[in-house]
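What follows is the content of my_file_26.tsv (TSV, C-alpha atoms).
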chain	number	residue	atom	x	y	z
A	635	MET	CA	0.00	0.00	0.00
A	636	LYS	CA	2.42	2.68	1.24
A	637	ARG	CA	5.51	0.71	0.40
A	638	PRO	CA	6.79	2.55	-2.71
A	639	TYR	CA	6.47	5.88	-0.95
A	640	LEU	CA	8.40	4.67	2.08
A	641	LYS	CA	11.07	3.08	-0.06
A	642	SER	CA	11.77	6.25	-1.97
A	643	LEU	CA	11.84	8.21	1.27
A	644	GLY	CA	14.40	5.82	2.69
A	645	LEU	CA	16.50	6.03	-0.44
A	646	PHE	CA	16.33	9.81	-0.39
A	647	ILE	CA	17.55	9.97	3.18
A	648	ILE	CA	20.43	7.60	2.48
A	649	LEU	CA	21.52	9.72	-0.50
A	650	LEU	CA	21.17	12.90	1.52
A	651	THR	CA	23.38	11.45	4.23
A	652	ILE	CA	26.05	10.41	1.78
A	653	GLY	CA	25.89	13.83	0.14
A	654	LEU	CA	26.25	15.62	3.45
A	655	ILE	CA	29.18	13.47	4.46
A	656	ILE	CA	30.99	14.09	1.18
A	657	ALA	CA	30.27	17.80	1.33
A	658	SER	CA	31.54	18.16	4.87
A	659	VAL	CA	34.70	16.21	4.20
A	660	GLN	CA	35.44	18.21	1.05
A	661	SER	CA	34.78	21.61	2.55
A	662	SER	CA	37.07	20.85	5.45
A	663	LYS	CA	39.73	19.58	3.09
A	664	LYS	CA	39.72	22.61	0.85
A	665	TYR	CA	41.25	24.88	3.46
A	666	LYS	CA	43.46	22.31	5.17
A	667	PHE	CA	47.00	23.48	5.80
A	668	GLY	CA	49.66	22.09	3.53
A	669	THR	CA	52.51	22.66	5.96
A	670	LYS	CA	52.63	21.43	9.55
A	671	ALA	CA	53.39	23.95	12.27
A	672	GLU	CA	56.62	22.20	13.27
A	673	ALA	CA	57.88	22.12	9.68
A	674	LEU	CA	57.06	25.77	9.23
A	675	HIS	CA	58.76	26.63	12.49
A	676	ALA	CA	61.95	25.00	11.24
A	677	GLN	CA	61.61	26.87	7.95
A	678	LEU	CA	61.22	30.21	9.75
A	679	LEU	CA	64.36	29.60	11.77
A	680	GLU	CA	66.32	28.95	8.59
A	681	GLY	CA	66.03	32.26	6.86
A	682	LYS	CA	64.57	35.70	6.55
A	683	HIS	CA	61.27	36.15	4.83
A	684	TYR	CA	61.14	39.86	4.38
A	685	ILE	CA	62.83	42.49	2.28
A	686	ASP	CA	63.77	45.95	3.43
A	687	PRO	CA	62.66	49.15	1.67
A	688	ASN	CA	66.09	49.58	0.03
A	689	SER	CA	65.86	46.21	-1.69
A	690	ALA	CA	62.30	46.98	-2.74
A	691	MET	CA	63.51	50.24	-4.24
A	692	GLU	CA	66.19	48.40	-6.18
A	693	ILE	CA	63.69	45.89	-7.51
A	694	LEU	CA	61.45	48.71	-8.66
A	695	SER	CA	64.21	50.71	-10.27
A	696	ARG	CA	65.58	47.81	-12.29
A	697	LYS	CA	61.99	46.82	-13.18
A	698	ASP	CA	62.70	43.26	-12.15
A	699	ASP	CA	59.79	41.16	-13.32
A	700	ASN	CA	60.80	38.20	-11.19
A	701	TYR	CA	59.12	40.10	-8.39
A	702	ILE	CA	55.54	41.12	-7.89
A	703	PHE	CA	54.22	43.36	-5.14
A	704	VAL	CA	50.98	42.14	-3.60
A	705	ASP	CA	48.93	44.78	-1.80
A	706	ILE	CA	46.68	43.12	0.78
A	707	ARG	CA	44.87	46.29	1.84
A	708	ASN	CA	41.35	47.08	0.75
A	709	PRO	CA	40.65	48.36	-2.79
A	710	ARG	CA	40.02	51.90	-1.57
A	711	GLU	CA	43.44	52.09	0.05
A	712	PHE	CA	44.96	50.46	-3.01
A	713	ASP	CA	43.44	53.06	-5.32
A	714	ASN	CA	44.68	55.79	-3.05
A	715	PHE	CA	48.28	54.64	-3.15
A	716	HIS	CA	50.07	51.48	-4.17
A	717	MET	CA	53.55	50.34	-5.09
A	718	GLU	CA	54.48	50.47	-8.74
A	719	GLY	CA	53.08	47.46	-10.58
A	720	ALA	CA	51.42	46.02	-7.47
A	721	VAL	CA	48.34	43.82	-7.63
A	722	ASN	CA	45.55	44.12	-5.09
A	723	VAL	CA	44.56	41.00	-3.15
A	724	PRO	CA	42.46	42.22	-0.20
A	725	MET	CA	43.38	40.20	2.87
A	726	GLN	CA	39.85	39.02	3.66
A	727	ARG	CA	39.65	37.44	0.20
A	728	VAL	CA	43.14	36.06	0.02
A	729	LEU	CA	41.94	32.43	-0.02
A	730	ASP	CA	39.34	33.02	-2.76
A	731	ASP	CA	39.82	31.12	-5.99
A	732	VAL	CA	39.97	34.28	-8.13
A	733	TYR	CA	43.25	35.26	-6.54
A	734	ILE	CA	45.03	31.95	-7.01
A	735	PRO	CA	46.81	33.12	-10.21
A	736	TYR	CA	48.40	36.00	-8.29
A	737	LEU	CA	49.76	33.71	-5.60
A	738	GLU	CA	50.54	30.53	-7.46
A	739	ASN	CA	53.27	31.47	-9.90
A	740	ASP	CA	57.03	31.44	-10.18
A	741	LYS	CA	57.49	35.07	-9.16
A	742	VAL	CA	58.69	36.25	-5.80
A	743	LYS	CA	55.64	37.70	-4.14
A	744	VAL	CA	56.28	40.68	-1.85
A	745	LEU	CA	53.30	41.24	0.43
A	746	TYR	CA	52.60	44.51	2.12
A	747	SER	CA	49.90	46.18	4.18
A	748	ASN	CA	49.84	49.53	5.94
A	749	GLU	CA	52.15	48.34	8.68
A	750	SER	CA	53.83	44.99	8.54
A	751	ILE	CA	51.69	43.18	11.12
A	752	GLU	CA	48.89	42.16	8.72
A	753	ALA	CA	51.28	41.26	5.92
A	754	ASP	CA	53.33	39.15	8.33
A	755	GLN	CA	50.29	37.18	9.39
A	756	ILE	CA	48.91	36.74	5.88
A	757	ARG	CA	52.29	35.67	4.56
A	758	LEU	CA	52.50	33.02	7.22
A	759	LEU	CA	48.92	31.91	6.68
A	760	LEU	CA	49.54	31.49	2.96
A	761	THR	CA	52.76	29.60	3.64
A	762	GLN	CA	50.92	27.32	6.05
A	763	TYR	CA	48.30	26.86	3.37
A	764	GLY	CA	50.92	25.74	0.86
A	765	TYR	CA	52.06	28.72	-1.20
A	766	ASP	CA	55.74	29.56	-1.38
A	767	ASN	CA	58.09	32.34	-2.44
A	768	LEU	CA	56.31	34.84	-0.23
A	769	PHE	CA	58.07	37.79	1.37
A	770	VAL	CA	56.98	40.80	3.39
A	771	LEU	CA	57.95	44.41	2.76
A	772	GLN	CA	59.41	45.73	6.01
A	773	GLY	CA	57.49	48.70	7.35
A	774	GLY	CA	54.66	48.37	4.84
A	775	ALA	CA	53.02	51.13	2.84
A	776	ASP	CA	53.00	53.60	5.75
A	777	TYR	CA	56.76	53.53	6.16
A	778	TRP	CA	57.26	53.57	2.42
A	779	LYS	CA	55.13	56.67	1.93
A	780	GLU	CA	56.81	58.47	4.79
A	781	ASN	CA	60.44	57.64	4.08
A	782	MET	CA	61.00	56.32	0.59
A	783	LEU	CA	59.10	58.66	-1.70
A	784	SER	CA	61.17	61.78	-1.30
A	785	ARG	CA	64.02	62.48	-3.68
A	786	ASP	CA	66.86	62.19	-1.24
A	787	VAL	CA	66.24	59.04	0.71
A	788	PHE	CA	68.68	58.26	3.48
A	789	LYS	CA	70.22	54.88	2.98
A	790	SER	CA	69.69	54.10	6.64
A	791	ALA	CA	65.96	54.78	6.33
A	792	GLY	CA	65.74	52.00	3.79
A	793	GLU	CA	67.36	49.51	6.11
A	794	TYR	CA	64.25	49.34	8.24
A	795	ASP	CA	63.95	46.13	10.22
A	796	ASP	CA	60.88	45.49	12.32
A	797	GLU	CA	62.76	43.28	14.78
A	798	LYS	CA	65.57	45.76	15.41
A	799	LEU	CA	65.52	47.45	18.79
A	800	LYS	CA	64.92	51.15	18.16
A	801	PHE	CA	65.72	52.63	21.52
A	802	ASP	CA	68.66	52.90	23.85
A	803	LEU	CA	68.62	50.18	26.49
A	804	GLU	CA	70.37	52.55	28.89
A	805	LYS	CA	67.20	54.56	29.09
A	806	VAL	CA	65.16	51.71	30.42
A	807	LYS	CA	67.64	50.04	32.76
A	808	ASN	CA	65.65	51.25	35.77
A	809	LEU	CA	62.86	49.02	34.65
A	810	ASN	CA	64.34	45.71	35.78
B	191	MET	CA	7.73	-4.49	8.96
B	192	GLN	CA	8.57	-2.13	6.12
B	193	ILE	CA	7.84	0.92	8.23
B	194	ARG	CA	10.14	-0.29	10.96
B	195	PHE	CA	12.80	-0.98	8.39
B	196	VAL	CA	12.58	2.52	6.97
B	197	ILE	CA	12.57	4.11	10.40
B	198	SER	CA	15.63	2.16	11.40
B	199	ILE	CA	17.41	3.30	8.23
B	200	ILE	CA	16.51	6.87	9.00
B	201	LEU	CA	17.85	6.53	12.53
B	202	VAL	CA	21.07	4.95	11.31
B	203	CYS	CA	21.53	7.74	8.79
B	204	LEU	CA	20.90	10.45	11.39
B	205	GLY	CA	23.36	8.69	13.64
B	206	LEU	CA	25.92	8.71	10.85
B	207	ILE	CA	25.41	12.42	10.24
B	208	ALA	CA	25.69	13.14	13.94
B	209	ALA	CA	28.82	11.04	14.19
B	210	ILE	CA	30.56	12.55	11.20
B	211	LEU	CA	29.62	16.23	11.21
B	212	PRO	CA	31.14	17.13	14.59
B	213	GLN	CA	34.07	14.94	13.80
B	214	THR	CA	35.17	17.20	10.99
B	215	LYS	CA	35.14	20.09	13.41
B	216	ASN	CA	36.67	18.51	16.47
B	217	SER	CA	38.58	15.45	15.34
B	218	SER	CA	41.68	17.51	15.66
B	219	LEU	CA	41.90	20.85	17.35
B	220	GLU	CA	43.90	22.18	14.46
B	221	LEU	CA	42.32	25.02	12.55
B	222	ASP	CA	42.06	25.32	8.81
B	223	ALA	CA	43.20	28.30	6.77
B	224	LYS	CA	39.74	29.84	6.47
B	225	GLN	CA	39.18	29.82	10.23
B	226	LEU	CA	42.61	31.25	10.87
B	227	LEU	CA	42.04	34.00	8.30
B	228	ASN	CA	38.86	34.97	10.15
B	229	GLU	CA	40.72	35.17	13.44
B	230	ILE	CA	43.46	37.30	11.89
B	231	GLN	CA	40.85	39.78	10.75
B	232	LEU	CA	38.98	39.85	14.05
B	233	GLU	CA	42.20	40.92	15.77
B	234	ASN	CA	41.06	39.56	19.12
B	235	HIS	CA	44.56	38.18	19.54
B	236	VAL	CA	46.23	41.58	19.38
B	237	ILE	CA	46.79	43.31	22.71
B	238	SER	CA	47.58	47.01	22.75
B	239	ILE	CA	50.39	48.50	24.77
B	240	ASP	CA	47.98	50.50	26.91
B	241	GLU	CA	45.97	47.38	27.73
B	242	MET	CA	49.11	45.48	28.71
B	243	ALA	CA	50.53	48.33	30.77
B	244	ASN	CA	47.25	48.57	32.62
B	245	ALA	CA	47.26	44.83	33.33
B	246	LEU	CA	50.82	45.04	34.70
B	247	ILE	CA	50.05	48.00	36.89
B	248	ASN	CA	47.04	46.22	38.33
B	249	ASN	CA	49.11	43.09	38.79
B	250	ASP	CA	46.53	41.17	36.78
B	251	PRO	CA	47.40	37.48	37.23
B	252	GLU	CA	45.54	36.60	34.05
B	253	TYR	CA	48.39	37.72	31.82
B	254	GLN	CA	51.71	35.99	31.28
B	255	LEU	CA	54.23	37.87	29.18
B	256	ILE	CA	56.42	35.66	27.03
B	257	ASP	CA	59.65	37.10	25.64
B	258	LEU	CA	60.49	35.40	22.34
B	259	ARG	CA	63.94	36.93	21.92
B	260	SER	CA	67.25	35.28	22.63
B	261	GLU	CA	68.47	34.64	26.18
B	262	GLU	CA	71.07	37.42	25.92
B	263	GLU	CA	68.52	39.97	24.82
B	264	PHE	CA	66.19	38.84	27.58
B	265	LYS	CA	68.90	39.24	30.20
B	266	GLN	CA	69.68	42.76	29.05
B	267	PHE	CA	66.12	43.94	29.25
B	268	SER	CA	62.67	42.47	29.56
B	269	LEU	CA	59.21	43.50	30.60
B	270	PRO	CA	58.18	42.94	34.23
B	271	GLY	CA	57.15	39.37	35.01
B	272	ALA	CA	58.05	38.03	31.58
B	273	ILE	CA	59.44	34.57	31.03
B	274	ASN	CA	61.86	33.83	28.21
B	275	ILE	CA	60.92	31.28	25.56
B	276	PRO	CA	63.32	31.92	22.66
B	277	PHE	CA	61.43	31.56	19.36
B	278	ALA	CA	63.69	28.66	18.35
B	279	LYS	CA	62.53	26.72	21.41
B	280	LEU	CA	58.83	27.45	20.99
B	281	PHE	CA	57.82	23.83	20.51
B	282	ASP	CA	60.31	22.34	22.97
B	283	GLU	CA	58.77	19.89	25.40
B	284	GLU	CA	59.70	21.96	28.43
B	285	TRP	CA	57.59	24.92	27.32
B	286	SER	CA	54.46	23.13	26.21
B	287	PRO	CA	52.80	23.48	29.66
B	288	TYR	CA	53.10	27.24	29.11
B	289	ILE	CA	51.97	27.67	25.53
B	290	ASP	CA	49.31	24.94	25.45
B	291	GLN	CA	47.05	25.72	28.38
B	292	ILE	CA	43.73	27.35	29.06
B	293	ALA	CA	44.34	29.17	32.34
B	294	ARG	CA	46.29	32.31	31.50
B	295	LYS	CA	46.60	34.69	28.60
B	296	ASN	CA	50.07	34.41	27.11
B	297	VAL	CA	51.23	37.63	25.53
B	298	PHE	CA	54.05	37.07	23.04
B	299	TYR	CA	56.44	39.91	22.46
B	300	SER	CA	59.70	40.63	20.69
B	301	ASN	CA	61.41	43.83	19.55
B	302	GLY	CA	58.88	44.32	16.75
B	303	THR	CA	55.94	42.12	15.82
B	304	THR	CA	57.41	39.70	13.29
B	305	LEU	CA	58.42	37.05	15.81
B	306	SER	CA	55.28	37.32	17.88
B	307	CYS	CA	53.07	37.05	14.79
B	308	GLU	CA	54.97	33.94	13.77
B	309	ALA	CA	54.66	32.40	17.22
B	310	TRP	CA	50.96	33.17	17.37
B	311	LEU	CA	50.16	31.72	13.95
B	312	LEU	CA	52.15	28.57	14.61
B	313	THR	CA	50.59	27.89	18.01
B	314	ARG	CA	47.14	28.79	16.71
B	315	GLN	CA	47.57	26.45	13.75
B	316	LYS	CA	48.18	23.69	16.25
B	317	GLY	CA	44.94	24.64	17.96
B	318	TYR	CA	46.41	26.22	21.09
B	319	LYS	CA	44.28	28.92	22.60
B	320	ASN	CA	45.13	31.74	24.95
B	321	ASN	CA	48.08	33.13	23.04
B	322	TYR	CA	48.20	36.82	22.15
B	323	ILE	CA	50.44	39.35	20.43
B	324	LEU	CA	51.74	42.54	22.02
B	325	LYS	CA	51.09	45.06	19.28
B	326	GLY	CA	54.29	46.70	18.08
B	327	GLY	CA	56.48	44.84	20.60
B	328	LEU	CA	59.14	46.52	22.70
B	329	ASN	CA	59.69	49.32	20.19
B	330	ASN	CA	56.06	50.31	20.51
B	331	TRP	CA	56.27	49.83	24.28
B	332	TYR	CA	59.07	52.36	24.43
B	333	ALA	CA	57.31	54.80	22.10
B	334	THR	CA	54.03	54.54	23.99
B	335	ILE	CA	54.95	54.26	27.66
B	336	ILE	CA	58.53	55.40	28.16
B	337	ASP	CA	58.62	58.18	25.60
B	338	PRO	CA	55.02	59.14	24.91
B	339	LYS	CA	54.36	61.98	22.53
B	340	GLU	CA	52.28	64.75	23.89
B	341	PRO	CA	49.14	65.03	21.84
B	342	SER	CA	48.42	68.28	20.12
B	343	SER	CA	45.49	70.24	21.40
B	344	THR	CA	43.46	69.32	18.37
B	345	GLU	CA	43.47	65.63	19.14
B	346	GLY	CA	40.64	65.74	21.61
B	347	GLU	CA	40.16	64.76	25.21
B	348	GLU	CA	40.64	61.05	24.76
B	349	ALA	CA	44.14	61.46	23.38
B	350	ILE	CA	45.02	63.80	26.24
B	351	ASP	CA	43.59	61.37	28.82
B	352	ASN	CA	45.59	58.57	27.23
B	353	TYR	CA	48.71	60.67	27.42
B	354	HIS	CA	48.29	61.30	31.12
B	355	THR	CA	47.61	57.63	31.78
B	356	ARG	CA	50.82	56.82	29.92
B	357	ILE	CA	52.82	59.32	31.93
B	358	GLY	CA	51.47	57.65	35.06
B	359	ALA	CA	52.36	54.24	33.69
B	360	ARG	CA	55.82	55.47	32.85
B	361	GLN	CA	56.43	56.50	36.42
B	362	PHE	CA	55.16	53.15	37.60
B	363	PHE	CA	57.58	51.25	35.37
B	364	MET	CA	60.58	53.54	35.62
B	365	GLY	CA	60.44	54.17	39.34
B	366	GLU	CA	61.03	57.40	41.23
B	367	GLY	CA	64.20	58.44	39.48
B	368	ALA	CA	62.56	58.45	36.13
B	369	SER	CA	61.14	61.89	36.07
B	370	ALA	CA	64.29	63.56	37.39
B	371	ASN	CA	66.74	62.85	34.61
B	372	THR	CA	64.57	63.13	31.58
B	373	SER	CA	63.15	65.93	29.60
B	374	VAL	CA	59.56	64.94	30.11
B	375	ASN	CA	58.30	66.95	33.01
B	376	VAL	CA	54.90	66.21	34.29
B	377	THR	CA	53.37	69.43	35.33
B	378	ALA	CA	49.79	69.32	36.35
B	379	LYS	CA	47.95	71.43	33.93
B	380	LYS	CA	45.82	74.14	35.25
B	381	PRO	CA	42.23	73.36	34.61
B	382	VAL	CA	41.01	75.57	31.88
B	383	PRO	CA	37.74	77.04	32.95
B	384	ARG	CA	35.11	76.28	30.45
B	385	LYS	CA	33.47	79.19	28.87
B	386	LYS	CA	30.04	79.64	30.18
B	387	LYS	CA	27.46	79.16	27.61
B	388	LYS	CA	25.91	82.37	26.66
B	389	MET	CA	22.28	82.68	27.11
B	390	VAL	CA	20.47	82.29	23.90
B	391	ALA	CA	19.97	85.72	22.67
B	392	GLY	CA	17.27	86.83	20.41
B	393	GLY	CA	14.78	84.42	19.01
B	394	CYS	CA	11.42	84.01	20.55
B	395	SER	CA	12.54	83.82	24.19

Rewrite the coordinates I just gave you, this time as structure tokens.
Amino acid sequence: MKRPYLKSLGLFIILLTIGLIIASVQSSKKYKFGTKAEALHAQLLEGKHYIDPNSAMEILSRKDDNYIFVDIRNPREFDNFHMEGAVNVPMQRVLDDVYIPYLENDKVKVLYSNESIEADQIRLLLTQYGYDNLFVLQGGADYWKENMLSRDVFKSAGEYDDEKLKFDLEKVKNLN
Amino acid sequence: MQIRFVISIILVCLGLIAAILPQTKNSSLELDAKQLLNEIQLENHVISIDEMANALINNDPEYQLIDLRSEEEFKQFSLPGAINIPFAKLFDEEWSPYIDQIARKNVFYSNGTTLSCEAWLLTRQKGYKNNYILKGGLNNWYATIIDPKEPSSTEGEEAIDNYHTRIGARQFFMGEGASANTSVNVTAKKPVPRKKKKMVAGGCS
């Protein structure tokens, strides 16, 4: 009497279950990290992953197309100011498929944001995810605008290093 | 019979869904890239200098400062109450009780933010909670607390309040001698009497 109806209902539910399982497994796989934290830690200890403003200036002046600057700020900030030849990959969309061509290529990608804190984090995230050849511009766009755009740039200004202590330890010795 | 059969299939399927769906979330505590990207944008893991200074002044036991620099650098200078876990030793067995726990807020710092960002992302990728970044590191600490810039009068009351809090914090961290040998002199500003509002003139009153 009701058998065919019940059968198709049962079948439907089984298919739905299988579908859900497949979907959940795939969606969790898509954004899985390619590099383990321990491996990445070892990699970070091996070498530097940033370039200072002087090197960036050199790359720009010799129009080296082995390098590409990737601006991870929002499009409004990008339109306002960006490095010569930079592409805009807003950080919140950095994992979107449309931006894969910008990140998966043979060029050296130099990421920058306003300061270096966002670029640092995004660079690491993308490295964890599986991309390579990623660097960060020390100081970011803010430092660049302030120190590198005038005609007579001090060489020392271009040697900016985020991890360099910028104050005299003598002045804080009372603290300990 | 058939009805029972179908019902049992439904139950088995629901059971399967229930068993598998949470598994993909919790099977390992490790995050995926999408989740981590969300957290980066939320910035809940970034602690400002003012917030940290306040916690230190109030002796807040919730915070544990972790200095990621080398031993030598740590010996030369460190923030009050900090412990030293050189970045190279981050995943050493001896430190795992510190970085993988749920009791205290670990605040990573270095001279800048590069090292602390790296430490945070690595520990977060492994699923550890309770780790934070001191925004701007020691350089920002110095610029904010030890050598704060006096705000210009156009910056509004909040900036001026902040400045005075920082001067207070500076004295707390530098001790009594601090104000004597430096150029920053803290003179209490005379309260500027507010102009009385003029009565509304004219109109229908």

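Distance-wise, atom CA of B:Arg259 and atom CA of A:Ile751 end up 17.5 Å apart.
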
| task | Tell me the residues of chain B close to chain A, meaning within 8 Å using only C-alpha atoms, as a PyMOL selection string. | result | chain B and resi 192-193+196+199-200+203-204+206-207+210-211+214+221-224+226-228+230-231+266-270+278+281+300-305+307-308+311-313+315-316+328-329+332+336+363-365+368

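Between atom CA of A:Asn739 and atom CA of A:Ala720 lies a distance of 14.9 Å.
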
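Closest to B:Ile239 among B:Ser286, B:Thr344, B:Asn330, B:Asn352 is B:Asn330, based on all atoms listed in the file.
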
Size and centre in Å, one decimal, axis-aligned box, all listed stretch 326-340 of chain B atoms plus 3 Å per side, as lines of an AutoDock Vina configuration file:
center_x = 56.0
center_y = 54.8
center_z = 23.1
size_x = 13.4
size_y = 25.9
size_z = 16.1

| task | For atom CA of B:Ala293 and atom CA of B:Tyr322, quote the distance in Å rounded to one decimal. | result | 13.3 Å

| field | Near-B:Gln254 list (10 Å; all atoms listed in the file; drop same-chain fewer than 6 positions) as a PyMOL selection string | value | chain B and resi 246+270-273+288+294-298+321-322
